[in-house]
Structures are given as structure tokens and as C-alpha cells.
$ cat data_1.cif   # mmCIF, C-alpha atoms
data_target
loop_
_atom_site.label_atom_id
_atom_site.label_comp_id
_atom_site.auth_asym_id
_atom_site.auth_seq_id
_atom_site.Cartn_x
_atom_site.Cartn_y
_atom_site.Cartn_z
CA MET A 539 7.12 -17.37 -15.19
CA PRO A 540 9.24 -18.57 -12.24
CA THR A 541 8.26 -17.33 -8.80
CA SER A 542 11.84 -17.14 -7.57
CA ARG A 543 15.34 -16.98 -8.90
CA ALA A 544 18.81 -17.32 -7.44
CA THR A 545 20.68 -14.11 -6.70
CA THR A 546 23.60 -12.70 -4.80
CA VAL A 547 23.47 -9.98 -2.17
CA ASP A 548 25.95 -7.92 -0.16
CA LEU A 549 24.51 -8.00 3.35
CA THR A 550 26.95 -5.38 4.57
CA SER A 551 24.86 -2.78 2.72
CA HIS A 552 21.68 -3.62 4.68
CA ALA A 553 21.47 -1.69 7.94
CA ALA A 554 18.81 -4.06 9.35
CA PHE A 555 21.43 -6.79 9.64
CA SER A 556 23.98 -6.89 12.39
CA GLY A 557 25.86 -9.36 14.54
CA ASN A 558 24.98 -13.03 14.45
CA LEU A 559 22.05 -12.71 12.04
CA ARG A 560 24.29 -11.18 9.38
CA LEU A 561 26.82 -13.97 9.82
CA LEU A 562 24.08 -16.61 9.59
CA ALA A 563 22.57 -15.04 6.47
CA GLU A 564 25.97 -15.14 4.79
CA ARG A 565 25.84 -18.95 5.04
CA GLY A 566 22.40 -19.24 3.44
CA GLU A 567 20.97 -19.16 -0.07
CA PRO A 568 19.55 -15.78 -1.17
CA LYS A 569 16.55 -15.77 -3.51
CA ARG A 570 14.16 -13.19 -4.88
CA TYR A 571 10.42 -13.83 -4.79
CA ALA A 572 7.53 -12.16 -6.56
CA LYS A 573 4.56 -10.72 -4.70
CA GLY A 574 2.01 -13.34 -3.60
CA VAL A 575 4.39 -16.31 -3.34
CA ILE A 576 3.64 -18.73 -0.48
CA LEU A 577 7.01 -19.55 1.08
CA ILE A 578 5.63 -21.74 3.86
CA GLN A 579 2.46 -23.83 3.62
CA GLU A 580 0.54 -24.64 6.79
CA GLY A 581 0.61 -28.39 7.49
CA ASP A 582 3.73 -29.09 5.44
CA GLN A 583 6.91 -30.34 7.00
CA GLY A 584 10.07 -28.31 6.66
CA ASP A 585 13.12 -27.16 8.56
CA MET A 586 13.98 -24.04 6.57
CA ILE A 587 13.96 -20.50 7.95
CA TYR A 588 13.73 -17.40 5.74
CA ILE A 589 15.74 -14.33 6.69
CA ILE A 590 14.20 -11.22 5.14
CA VAL A 591 16.59 -8.86 3.36
CA GLU A 592 14.06 -6.82 1.35
CA GLY A 593 10.26 -6.76 1.18
CA ARG A 594 7.55 -7.86 3.60
CA LEU A 595 6.07 -11.25 4.53
CA ARG A 596 2.80 -12.08 6.27
CA ALA A 597 2.17 -15.09 8.50
CA TYR A 598 -1.40 -16.34 8.84
CA THR A 599 -3.60 -19.39 9.20
CA SER A 600 -6.89 -19.96 7.39
CA SER A 601 -10.02 -22.07 7.69
CA ALA A 602 -10.50 -25.18 5.55
CA ASP A 603 -12.68 -23.23 3.09
CA ASP A 604 -10.26 -20.24 3.08
CA GLU A 605 -13.11 -17.91 4.04
CA ARG A 606 -11.60 -16.84 7.37
CA GLU A 607 -8.04 -16.03 8.36
CA PHE A 608 -6.12 -15.38 11.55
CA HIS A 609 -3.23 -12.97 11.16
CA TYR A 610 -0.04 -13.66 13.15
CA GLY A 611 2.14 -10.82 11.97
CA THR A 612 3.88 -8.90 9.20
CA PHE A 613 7.66 -9.09 9.01
CA GLY A 614 10.29 -7.02 7.24
CA PRO A 615 14.05 -6.68 6.72
CA GLY A 616 16.21 -7.97 9.55
CA GLU A 617 13.56 -10.46 10.73
CA TYR A 618 13.09 -14.14 9.96
CA VAL A 619 10.23 -16.63 9.79
CA GLY A 620 9.93 -20.41 9.88
CA GLU A 621 11.63 -21.01 13.21
CA MET A 622 8.60 -22.92 14.56
CA GLY A 623 9.36 -25.74 12.11
CA LEU A 624 12.86 -26.41 13.40
CA ASP A 625 11.55 -29.14 15.72
CA GLY A 626 10.69 -31.31 12.70
CA GLY A 627 6.94 -30.89 13.17
CA ARG A 628 4.43 -29.62 10.65
CA ARG A 629 4.25 -25.95 9.78
CA SER A 630 1.80 -24.09 12.02
CA ALA A 631 1.07 -21.19 9.64
CA ASN A 632 1.27 -19.96 6.06
CA VAL A 633 3.81 -17.32 5.08
CA ILE A 634 3.26 -15.25 1.94
CA THR A 635 5.14 -12.38 0.31
CA LEU A 636 3.23 -9.08 0.42
CA GLU A 637 5.53 -7.49 -2.15
CA PRO A 638 8.57 -8.49 -4.19
CA SER A 639 11.02 -9.76 -1.58
CA LEU A 640 14.58 -10.92 -1.15
CA CYS A 641 15.08 -13.66 1.45
CA VAL A 642 17.95 -15.88 2.53
CA LYS A 643 17.03 -19.54 2.99
CA VAL A 644 18.81 -21.33 5.83
CA GLY A 645 18.26 -25.04 6.47
CA ARG A 646 18.50 -26.76 9.84
CA PRO A 647 21.91 -28.41 9.16
CA THR A 648 23.41 -25.00 8.37
CA LEU A 649 21.76 -23.50 11.45
CA GLU A 650 23.08 -26.29 13.68
CA ARG A 651 26.63 -25.74 12.45
CA PHE A 652 26.24 -22.01 12.95
CA ILE A 653 25.05 -22.43 16.55
CA ALA A 654 28.02 -24.73 17.23
CA ASP A 655 30.30 -21.91 16.07
CA HIS A 656 28.23 -19.11 17.66
CA PRO A 657 26.42 -20.60 20.71
CA GLY A 658 25.07 -17.20 21.74
CA PHE A 659 22.70 -17.27 18.77
CA ALA A 660 20.79 -20.13 20.42
CA PHE A 661 19.61 -17.66 23.08
CA GLU A 662 18.65 -15.13 20.41
CA LEU A 663 16.61 -17.79 18.64
CA LEU A 664 14.99 -18.88 21.91
CA GLY A 665 14.12 -15.28 22.70
CA LYS A 666 12.47 -14.90 19.29
CA VAL A 667 10.37 -18.05 19.78
CA ILE A 668 9.30 -16.95 23.29
CA GLY A 669 8.43 -13.46 22.08
CA ARG A 670 6.25 -14.73 19.27
CA ALA A 671 4.56 -17.27 21.55
CA ARG A 672 3.80 -14.47 24.01
CA SER A 673 2.38 -12.32 21.21
CA ALA A 674 0.16 -15.19 20.03
CA THR A 675 -1.09 -15.67 23.60
CA GLN A 676 -1.94 -11.99 23.91
CA GLN A 677 -3.82 -12.11 20.61
CA ALA A 678 -5.77 -15.17 21.77
CA GLN A 679 -6.70 -13.41 25.01
CA MET A 680 -7.78 -10.31 23.10
CA LEU A 681 -9.97 -12.31 20.72
CA ALA A 682 -11.57 -14.24 23.59
CA LEU A 683 -12.19 -11.35 25.98
CA GLU A 684 -12.74 -8.21 23.89
CA ASN A 685 -15.57 -7.13 21.62
CA VAL A 686 -14.82 -5.88 18.11
CA TYR A 687 -14.17 -2.32 19.25
CA GLY A 688 -11.84 -3.56 21.99
CA ARG A 689 -9.89 -5.57 19.43
CA LEU A 690 -9.73 -2.59 17.05
CA ARG A 691 -8.53 -0.34 19.87
CA TRP A 692 -5.78 -2.84 20.70
CA LEU A 693 -4.70 -3.03 17.06
CA LEU A 694 -4.59 0.72 16.46
CA GLU A 695 -2.78 1.42 19.73
CA SER A 696 -0.20 -1.27 18.98
CA GLN A 697 0.42 0.02 15.44
CA ALA A 698 0.55 3.74 16.25
CA VAL A 699 3.90 5.54 16.06
CA LEU A 700 4.56 8.69 18.10
CA ARG A 701 5.92 11.36 15.77
CA PRO A 702 8.23 14.21 16.86
CA ASP A 703 5.28 16.65 16.84
CA GLY A 704 3.49 14.52 19.44
CA VAL A 705 0.92 13.08 17.02
CA ARG A 706 0.30 9.35 17.02
CA VAL A 707 -0.10 7.89 13.53
CA VAL A 708 -0.73 4.42 12.12
CA GLU A 709 1.55 4.98 9.14
CA ARG A 710 0.95 1.77 7.20
CA ARG A 711 -2.53 1.83 5.77
CA LEU A 712 -4.56 -1.23 6.70
CA THR A 713 -7.52 -2.24 4.57
CA HIS A 714 -10.75 -3.19 6.33
CA LEU A 715 -10.26 -6.73 5.02
CA GLU A 716 -6.79 -6.93 6.56
CA ILE A 717 -8.09 -5.52 9.86
CA ALA A 718 -10.91 -8.08 9.84
CA SER A 719 -8.44 -10.94 9.37
CA ARG A 720 -6.41 -9.68 12.32
CA LEU A 721 -9.41 -9.20 14.58
CA GLY A 722 -11.31 -12.37 13.70
CA CYS A 723 -14.48 -10.65 12.49
CA SER A 724 -16.18 -9.65 9.24
CA ARG A 725 -15.12 -6.75 7.05
CA GLU A 726 -18.64 -5.32 7.38
CA MET A 727 -18.29 -5.23 11.17
CA VAL A 728 -14.94 -3.47 10.91
CA SER A 729 -16.46 -0.88 8.59
CA ARG A 730 -19.30 -0.17 11.02
CA VAL A 731 -16.99 0.23 14.01
CA MET A 732 -14.50 2.37 12.08
CA LYS A 733 -17.31 4.69 10.95
CA GLU A 734 -18.39 5.14 14.56
CA VAL A 735 -14.82 5.78 15.72
CA GLU A 736 -14.37 8.40 13.00
CA ARG A 737 -17.79 9.97 13.71
CA ARG A 738 -16.75 10.52 17.32
CA GLY A 739 -13.58 12.25 16.19
CA LEU A 740 -11.25 9.72 17.74
CA VAL A 741 -9.29 9.16 14.50
CA HIS A 742 -9.02 10.78 11.10
CA GLU A 743 -7.30 9.99 7.80
CA THR A 744 -4.41 12.13 6.54
CA ALA A 745 -1.74 11.78 3.89
CA ARG A 746 0.59 10.49 6.63
CA GLY A 747 -1.80 7.73 7.66
CA LEU A 748 -4.49 7.23 10.30
CA VAL A 749 -4.08 9.81 13.08
CA LEU A 750 -5.22 8.93 16.60
CA ASN A 751 -6.59 12.22 17.92
CA SER A 752 -6.51 11.11 21.55
CA GLU A 753 -6.15 8.03 23.69
CA LEU A 754 -8.90 5.69 22.60
CA PRO A 755 -11.50 5.05 25.34
CA ARG A 756 -12.01 1.59 26.76
CA ASP A 757 -15.58 1.50 25.45
CA LEU A 758 -17.54 3.37 22.79
#
$ encode --input "data_1.cif" --output "C-alpha cells"
Amino acid sequence: MPTSRATTVDLTSHAAFSGNLRLLAERGEPKRYAKGVILIQEGDQGDMIYIIVEGRLRAYTSSADDEREFHYGTFGPGEYVGEMGLDGGRRSANVITLEPSLCVKVGRPTLERFIADHPGFAFELLGKVIGRARSATQQAQMLALENVYGRLRWLLESQAVLRPDGVRVVERRLTHLEIASRLGCSREMVSRVMKEVERRGLVHETARGLVLNSELPRDL
């Protein structure tokens, strides 16, 4: 069974697209991918970016034995991945589809022509690279300076959404394995810390997601 197939898409119907990114996507090649397809392989060379129209992608790096992972981020419609390979160097991370996804592939020659026509997009692209580099730096600092609870606190606070009723909720359910890959620790350690956080009444599970009952303390 093929993992991808050519398709066509009307980008005007996707609210996540606007301005220069919509115009760039219209010059690329749209393809649909099944869940679990690796679009970018760490260590490979490539100059293709993937603009996400539908679905979700995850960027991560893994150890040589694939037993440990470091999570860089999850990306959805209106975002793109692969920009770090535009310098011609080797890919710095893996990117995999978390669900069936529709992406638009744009190669460097197409991107260069687009920037010549729309020079303002170069600053958008630079801003994206800087933002992701800053996020990676913050994650590295968190991993180096915080214990497991401190890392978990950072993750939950960063993922929480303030609802109109004033309740903060982590709406997308994260498995303990996924949390462990983000925090650089074992799943067993995550389970122990989560049990303690729940025992103290700091969070609780609901149908809407994980509710943060109050501002999480600096230390348990």
C-alpha cells in the first residue's frame, strides 16, 4: 500500500492559510500521507519544506538504539517543517505524521523564486527559524536545570488553555510515554510524579482534558 498519493487542494477553503504562505503553498505539490509516515529522516540531506494543510506532524530526535527520544514540537495546519534543511546541511530531526495528513511539498528552487517575487516572506521565514531556535534553547535550559516535576510543570503550563469560564485545561491528551519523550525521562518517573500531582489536588482529569486546579507550585 503506498504511503502517499498525489492530490489537489483548494487552499482558499483552509482558514489557517493566509497571505504569503497561501501563495507559496499554491506553487508546491500537495500530497496525502497515512499516519506514521516519516517525512523527514534525521541525518539525511534535503531541501524540501512541508506546509501542513490537514493533520498533525511531530518533530523529534532519537538515540542510536531508538530507546530514547527528544521531542521538538507538534505542528498542525498553517505551519510548516523542514526549514532547517534549507542551508543544504543534513536534517537535524525526524518528522512523522501523527494522523492522516495533507501537506504541500515545496523545494528550495521554488522557494527561492517565491522569495524573489515576495521578498517580505524572507523575514517571515527568518522569524520562524529564530522562534524555533529560541524554543529549543528554552527546552535545553529546562532539561538541564529542572528536576522532573519542574519539567512537567513547564510542560503543563505551556500547554494549558484558558477557557471562558476561567478554567485552565490541557485539551490534547498526552500519554505518559509522550510526556516522557518531551521531558527526557522515563515513563515510570512521569507516572510517579503525575500521581503525586493528582494526589495533591493540583490537577484532575475531565472529559474536556486535564484541568489545572490552580497555579502549579515551584516545588512539590
$ residues_around --input "data_1.cif" --residues "A:Leu758" --least-positions-apart "5" --cutoff "12 Å" --atoms "all atoms listed in the file" --output "MDAnalysis selection string"
chainID A and resid 685:688 690:691 731:740
$ closest_residue --input "data_1.cif" --among "A:Cys723, A:Tyr610, A:Arg711, A:Asp703" --to "A:Gln676" --atoms "only C-alpha atoms"
A:Tyr610
$ resolve_selection --input "data_1.cif" --expression "the PyMOL selection byres ((chain A and resi 591-598) around 7)" --output "ChimeraX atom specification"
/A:589-590,599-600,607-616,631-641
$ atom_distance --input "data_1.cif" --atom1 "atom CA of A:Val667" --atom2 "atom CA of A:Leu624"
10.8 Å
$ closest_residue --input "data_1.cif" --among "A:Ser601, A:Gly574, A:Gly626, A:Arg670" --to "A:Ser719" --atoms "only C-alpha atoms"
A:Ser601
$ atom_distance --input "data_1.cif" --atom1 "atom CA of A:Leu559" --atom2 "atom CA of A:Phe659"
8.2 Å
$ closest_atom_pairs --input "data_1.cif" --of "stretch 700-732 of chain A" --to "stretch 678-683 of chain A" --cutoff "10 Å" --atoms "only C-alpha atoms" --output "CSV"
residue,atom,partner,partner_atom,distance
A:Arg720,CA,A:Leu681,CA,9.5
A:Leu721,CA,A:Leu681,CA,6.9
A:Gly722,CA,A:Leu681,CA,7.1
A:Cys723,CA,A:Leu681,CA,9.5
$ closest_residue --input "data_1.cif" --among "A:Leu561, A:Leu694, A:Met727, A:Ala660" --to "A:Glu709" --atoms "all atoms listed in the file"
A:Leu694
$ decode --input "data_1.cif" --residues "stretch 661-673 of chain A" --atoms "all heavy atoms" --output "mmCIF file, in the first residue's frame"
data_model
loop_
_atom_site.group_PDB
_atom_site.id
_atom_site.type_symbol
_atom_site.label_atom_id
_atom_site.label_comp_id
_atom_site.auth_asym_id
_atom_site.auth_seq_id
_atom_site.Cartn_x
_atom_site.Cartn_y
_atom_site.Cartn_z
ATOM 1 N N PHE A 661 11.648 37.496 5.673
ATOM 2 C CA PHE A 661 11.629 37.885 7.082
ATOM 3 C C PHE A 661 10.685 36.988 7.877
ATOM 4 O O PHE A 661 10.950 36.683 9.052
ATOM 5 C CB PHE A 661 11.211 39.349 7.208
ATOM 6 C CG PHE A 661 12.239 40.317 6.692
ATOM 7 C CD1 PHE A 661 12.152 40.821 5.402
ATOM 8 C CD2 PHE A 661 13.306 40.700 7.482
ATOM 9 C CE1 PHE A 661 13.104 41.698 4.918
ATOM 10 C CE2 PHE A 661 14.269 41.578 7.008
ATOM 11 C CZ PHE A 661 14.174 42.074 5.720
ATOM 12 N N GLU A 662 9.587 36.541 7.255
ATOM 13 C CA GLU A 662 8.714 35.589 7.925
ATOM 14 C C GLU A 662 9.451 34.279 8.187
ATOM 15 O O GLU A 662 9.348 33.690 9.274
ATOM 16 C CB GLU A 662 7.475 35.319 7.074
ATOM 17 C CG GLU A 662 6.553 36.519 6.895
ATOM 18 C CD GLU A 662 5.329 36.176 6.070
ATOM 19 O OE1 GLU A 662 4.872 35.012 6.147
ATOM 20 O OE2 GLU A 662 4.835 37.053 5.347
ATOM 21 N N LEU A 663 10.183 33.818 7.203
ATOM 22 C CA LEU A 663 10.941 32.579 7.332
ATOM 23 C C LEU A 663 12.019 32.717 8.398
ATOM 24 O O LEU A 663 12.213 31.828 9.233
ATOM 25 C CB LEU A 663 11.564 32.213 5.991
ATOM 26 C CG LEU A 663 12.360 30.900 5.917
ATOM 27 C CD1 LEU A 663 11.459 29.711 6.246
ATOM 28 C CD2 LEU A 663 12.973 30.733 4.531
ATOM 29 N N LEU A 664 12.719 33.860 8.397
ATOM 30 C CA LEU A 664 13.749 34.102 9.409
ATOM 31 C C LEU A 664 13.142 34.128 10.805
ATOM 32 O O LEU A 664 13.702 33.564 11.754
ATOM 33 C CB LEU A 664 14.459 35.425 9.110
ATOM 34 C CG LEU A 664 15.558 35.845 10.090
ATOM 35 C CD1 LEU A 664 16.676 34.814 10.126
ATOM 36 C CD2 LEU A 664 16.102 37.214 9.717
ATOM 37 N N GLY A 665 11.974 34.764 10.924
ATOM 38 C CA GLY A 665 11.312 34.813 12.223
ATOM 39 C C GLY A 665 10.937 33.426 12.715
ATOM 40 O O GLY A 665 11.042 33.123 13.906
ATOM 41 N N LYS A 666 10.500 32.554 11.795
ATOM 42 C CA LYS A 666 10.154 31.182 12.165
ATOM 43 C C LYS A 666 11.384 30.422 12.668
ATOM 44 O O LYS A 666 11.328 29.727 13.686
ATOM 45 C CB LYS A 666 9.549 30.453 10.966
ATOM 46 C CG LYS A 666 9.156 29.015 11.222
ATOM 47 C CD LYS A 666 7.957 28.919 12.131
ATOM 48 C CE LYS A 666 6.704 29.381 11.416
ATOM 49 N NZ LYS A 666 5.486 29.187 12.256
ATOM 50 N N VAL A 667 12.501 30.560 11.954
ATOM 51 C CA VAL A 667 13.736 29.878 12.352
ATOM 52 C C VAL A 667 14.196 30.371 13.722
ATOM 53 O O VAL A 667 14.571 29.576 14.597
ATOM 54 C CB VAL A 667 14.829 30.093 11.295
ATOM 55 C CG1 VAL A 667 16.169 29.571 11.799
ATOM 56 C CG2 VAL A 667 14.457 29.402 9.987
ATOM 57 N N ILE A 668 14.170 31.693 13.938
ATOM 58 C CA ILE A 668 14.600 32.259 15.222
ATOM 59 C C ILE A 668 13.686 31.773 16.342
ATOM 60 O O ILE A 668 14.143 31.397 17.428
ATOM 61 C CB ILE A 668 14.617 33.798 15.157
ATOM 62 C CG1 ILE A 668 15.730 34.271 14.223
ATOM 63 C CG2 ILE A 668 14.794 34.401 16.548
ATOM 64 C CD1 ILE A 668 15.713 35.763 13.960
ATOM 65 N N GLY A 669 12.380 31.775 16.097
ATOM 66 C CA GLY A 669 11.440 31.340 17.115
ATOM 67 C C GLY A 669 11.652 29.895 17.529
ATOM 68 O O GLY A 669 11.612 29.564 18.716
ATOM 69 N N ARG A 670 11.905 29.036 16.559
ATOM 70 C CA ARG A 670 12.116 27.629 16.886
ATOM 71 C C ARG A 670 13.468 27.405 17.556
ATOM 72 O O ARG A 670 13.594 26.549 18.431
ATOM 73 C CB ARG A 670 11.973 26.779 15.627
ATOM 74 C CG ARG A 670 10.529 26.712 15.163
ATOM 75 C CD ARG A 670 10.299 25.844 13.965
ATOM 76 N NE ARG A 670 8.872 25.780 13.650
ATOM 77 C CZ ARG A 670 8.369 25.223 12.566
ATOM 78 N NH1 ARG A 670 9.173 24.645 11.681
ATOM 79 N NH2 ARG A 670 7.065 25.214 12.348
ATOM 80 N N ALA A 671 14.469 28.188 17.169
ATOM 81 C CA ALA A 671 15.765 28.090 17.850
ATOM 82 C C ALA A 671 15.636 28.547 19.296
ATOM 83 O O ALA A 671 16.219 27.933 20.212
ATOM 84 C CB ALA A 671 16.803 28.928 17.119
ATOM 85 N N ARG A 672 14.865 29.593 19.531
ATOM 86 C CA ARG A 672 14.651 30.080 20.895
ATOM 87 C C ARG A 672 13.917 29.030 21.726
ATOM 88 O O ARG A 672 14.257 28.792 22.889
ATOM 89 C CB ARG A 672 13.859 31.388 20.865
ATOM 90 C CG ARG A 672 13.625 31.989 22.258
ATOM 91 C CD ARG A 672 12.877 33.314 22.178
ATOM 92 N NE ARG A 672 13.706 34.334 21.554
ATOM 93 C CZ ARG A 672 13.430 34.930 20.406
ATOM 94 N NH1 ARG A 672 12.333 34.581 19.738
ATOM 95 N NH2 ARG A 672 14.213 35.855 19.919
ATOM 96 N N SER A 673 12.910 28.392 21.126
ATOM 97 C CA SER A 673 12.173 27.351 21.834
ATOM 98 C C SER A 673 13.077 26.182 22.196
ATOM 99 O O SER A 673 13.004 25.637 23.305
ATOM 100 C CB SER A 673 11.011 26.869 20.971
ATOM 101 O OG SER A 673 10.320 25.809 21.592
#
